[in-house]
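S.K.: Dropping a structure here in structure tokens format, bear with me for questions.
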Amino acid sequence: MTQADEIRAYVWRAFLQPARWAGKTQVTIRAGTVQTEMGLQNALPAVCGALGSNKFEKQYEVNRVPSTGSTKGANAEFIFSFR
């Protein structure tokens, strides 16, 4: 399993699955939070790449909502809606 695969799987378990089960229509995920919670160091490019990938959207049946903020760095926020 690649680091990107591990990141995607973690985000599913920690953010997407609980939000979906709670009936939410959207979830916002901060890249720095993922890095910290996973115990990663210097992995923000990998986190942002994993969350910004088409593979992530297809694998977990979500759509990324366009945002005006940065998609790079600790404060990058990725907003997803459920299909």
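Please note that chains go A, B, ... in the order of the structure tokens, that every chain numbers its residues from 1, and that ligands are numbered from 1 in the order shown.
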Might you pull out every residue within 7 Å of region 29-42 of chain A, with only C-alpha atoms counted and same-chain residues fewer than 6 positions away left off, and present them as a ChimeraX atom specification?
M.R.: /A:48,73-79
S.K.: Please return as number ranges by chain: the residues of chain A that backbone DSSP assigns to strand (DSSP E).
M.R.: A: 26-30, 62-65, 77-82
S.K.: Please identify which residues in chain A DSSP calls alpha helix (DSSP H) from the backbone, and express them as a VMD selection string.
M.R.: chain A and resid 3 to 11 17 to 21 31 to 38 44 to 51 54 to 60
S.K.: Distance CA of Lys58 (chain A)-CA of Arg8 (chain A), one decimal place?
M.R.: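 Interatomic distance here is 11.4 Å.
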S.K.: With distances taken over only C-alpha atoms, which residue among A:Lys72, A:Glu6, A:Lys24, A:Glu61 lies nearest Gly49 (chain A)?
M.R.: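 Answer, going by the shortest atom-to-atom distance: A:Lys72.
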S.K.: Near Asn63 (chain A), counting only C-alpha atoms, which residues have an atom at most 8 Å away, once you skip same-chain residues fewer than 6 positions from it, shown as an mmCIF file with C-alpha atoms, in the first residue's frame?
M.R.:
data_model
loop_
_atom_site.group_PDB
_atom_site.id
_atom_site.type_symbol
_atom_site.label_atom_id
_atom_site.label_comp_id
_atom_site.auth_asym_id
_atom_site.auth_seq_id
_atom_site.Cartn_x
_atom_site.Cartn_y
_atom_site.Cartn_z
ATOM 1 C CA GLU A 57 -13.277 10.985 -5.563
ATOM 2 C CA PHE A 80 -16.369 16.983 -0.376
ATOM 3 C CA SER A 81 -20.036 16.295 -1.026
ATOM 4 C CA PHE A 82 -21.447 12.792 -1.051
ATOM 5 C CA ARG A 83 -22.955 11.344 -4.231
#
S.K.: How many Å separate CA of Arg64 (chain A) from CA of Thr25 (chain A)?
M.R.: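 Between CA of Arg64 (chain A) and CA of Thr25 (chain A) the gap is 12.0 Å.
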S.K.: Which residues are close to Ala46 (chain A), i.e. within 9 Å by only C-alpha atoms, leaving aside same-chain residues fewer than 6 positions away? Reply as an MDAnalysis selection string.
M.R.: chainID A and resid 3:4 7
